[in-house]
Amino acid sequence: QLQFVESGGGLVQPGGSLRLSCAVPGFTLANLAIGWFRQAPGKEREGVSCLSSGAGISNYADSVKGRFTISRDSAKNTVYLQMNSLNAEDTAVYYCTATPPLLGSCILKPLRNDYWGQGTQFTVAS
């Protein structure tokens, strides 16, 4: 059973930046397609960004394109989500999890519904 551990949340001002981290202890992340998802209060969980295994091809939701960047540090076995130009609509609990394996791409949906970690919360407020 894979365990997903998110970190990096907090409070950030509008227009600010934040970086979230995702670790999967005991598993090589380069072999796994990973996605970031978020759930705002009163809303359904939505896909934010994903990164394919291997070559690391990325996809983004339209709402975060140009502001968020997903990346992987194989040496640290960690996937990051760099978030810039944050606004109040980005406030949510953010989760990372595995996404379905696709050759040369990734898709913004979870591989399984029982692979969710605790998530990390951040709030955009002045």
# chains A, B, ... in the order shown; residues from 1 in each chain; ligands from 1
$ residues_around --residues "stretch 99-112 of chain A" --least-positions-apart "5" --cutoff "7 Å" --atoms "only C-alpha atoms" --output "PyMOL selection string"
chain A and resi 33-35+47+49-52+57-59
$ write_last_selection --atoms "C-alpha atoms" --output "PDB file, in the first residue's frame"
ATOM      1  CA  ALA A  33       2.737   9.128 -12.368  1.00  0.00           C
ATOM      2  CA  ILE A  34       1.856  11.652  -9.675  1.00  0.00           C
ATOM      3  CA  GLY A  35      -0.885  14.231  -9.491  1.00  0.00           C
ATOM      4  CA  GLY A  47      -7.174  17.892 -10.308  1.00  0.00           C
ATOM      5  CA  SER A  49      -1.478  19.141 -12.060  1.00  0.00           C
ATOM      6  CA  CYS A  50       0.127  15.817 -12.881  1.00  0.00           C
ATOM      7  CA  LEU A  51       3.530  14.521 -13.859  1.00  0.00           C
ATOM      8  CA  SER A  52       4.111  11.360 -15.846  1.00  0.00           C
ATOM      9  CA  ILE A  57       5.522  15.154 -18.920  1.00  0.00           C
ATOM     10  CA  SER A  58       3.216  17.546 -17.095  1.00  0.00           C
ATOM     11  CA  ASN A  59      -0.390  18.660 -17.409  1.00  0.00           C
TER      12      ASN A  59
END
$ select_by_dssp --residues "chain A" --states "strand (DSSP E or B)" --output "ChimeraX atom specification"
/A:5-7,10-12,18-23,34-39,46-51,58-60,68-73,78-83,92-98,102,105,120-124
$ residues_around --residues "A:Ser74" --least-positions-apart "3" --cutoff "9 Å" --atoms "only C-alpha atoms" --output "NGL selection string"
:A and (28-30 or 77-79)
$ write_last_selection --atoms "C-alpha atoms" --output "PDB file, in the first residue's frame"
ATOM      1  CA  THR A  28      10.746   5.450  -6.310  1.00  0.00           C
ATOM      2  CA  LEU A  29       8.671   8.362  -7.534  1.00  0.00           C
ATOM      3  CA  ALA A  30      10.286   8.379 -10.975  1.00  0.00           C
ATOM      4  CA  ASN A  77      12.497  11.244  -4.267  1.00  0.00           C
ATOM      5  CA  THR A  78      10.077  14.125  -3.953  1.00  0.00           C
ATOM      6  CA  VAL A  79       7.524  15.762  -6.232  1.00  0.00           C
TER       7      VAL A  79
END
$ residues_around --residues "A:Leu81" --least-positions-apart "5" --cutoff "9 Å" --atoms "only C-alpha atoms" --output "list in words"
Leu18, Arg19, Leu20, Ser21, Cys22, Trp36, Ser49, Phe68, Thr69, Ile70, Ser71 and Arg72 of chain A
$ atom_distance --atom1 "atom CA of A:Ala40" --atom2 "atom CA of A:Ser85"
17.7 Å
$ atom_distance --atom1 "atom CA of A:Asp73" --atom2 "atom CA of A:Gln118"
21.6 Å
$ closest_residue --among "A:Phe27, A:Asn113, A:Gly16, A:Arg45" --to "A:Ala88" --atoms "only C-alpha atoms"
A:Gly16
$ atom_distance --atom1 "atom CA of A:Met83" --atom2 "atom CA of A:Glu6"
14.6 Å
$ residues_around --residues "A:Glu89" --least-positions-apart "3" --cutoff "10 Å" --atoms "only C-alpha atoms" --output "list in words"
Pro14, Ala40, Ser63, Leu86, Ala92, Thr123 and Val124 of chain A
$ closest_residue --among "A:Gln121, A:Lys76, A:Ala61, A:Gln39" --to "A:Val24" --atoms "only C-alpha atoms"
A:Lys76
$ closest_residue --among "A:Gln82, A:Asp114, A:Asp62, A:Thr91" --to "A:Leu11" --atoms "only C-alpha atoms"
A:Thr91
$ select_by_dssp --residues "chain A" --states "helix (DSSP H, G or I)" --output "PyMOL selection string"
chain A and resi 29-31+88-90
$ write_last_selection --atoms "C-alpha atoms" --output "PDB file, in the first residue's frame"
ATOM      1  CA  LEU A  29       8.671   8.362  -7.534  1.00  0.00           C
ATOM      2  CA  ALA A  30      10.286   8.379 -10.975  1.00  0.00           C
ATOM      3  CA  ASN A  31       8.372   5.144 -11.621  1.00  0.00           C
ATOM      4  CA  ALA A  88      -8.039  33.345  -2.676  1.00  0.00           C
ATOM      5  CA  GLU A  89      -9.482  30.772  -5.088  1.00  0.00           C
ATOM      6  CA  ASP A  90      -6.375  28.667  -4.561  1.00  0.00           C
TER       7      ASP A  90
END
$ closest_residue --among "A:Lys65, A:Pro25, A:Glu44, A:Gly56" --to "A:Phe4" --atoms "only C-alpha atoms"
A:Pro25
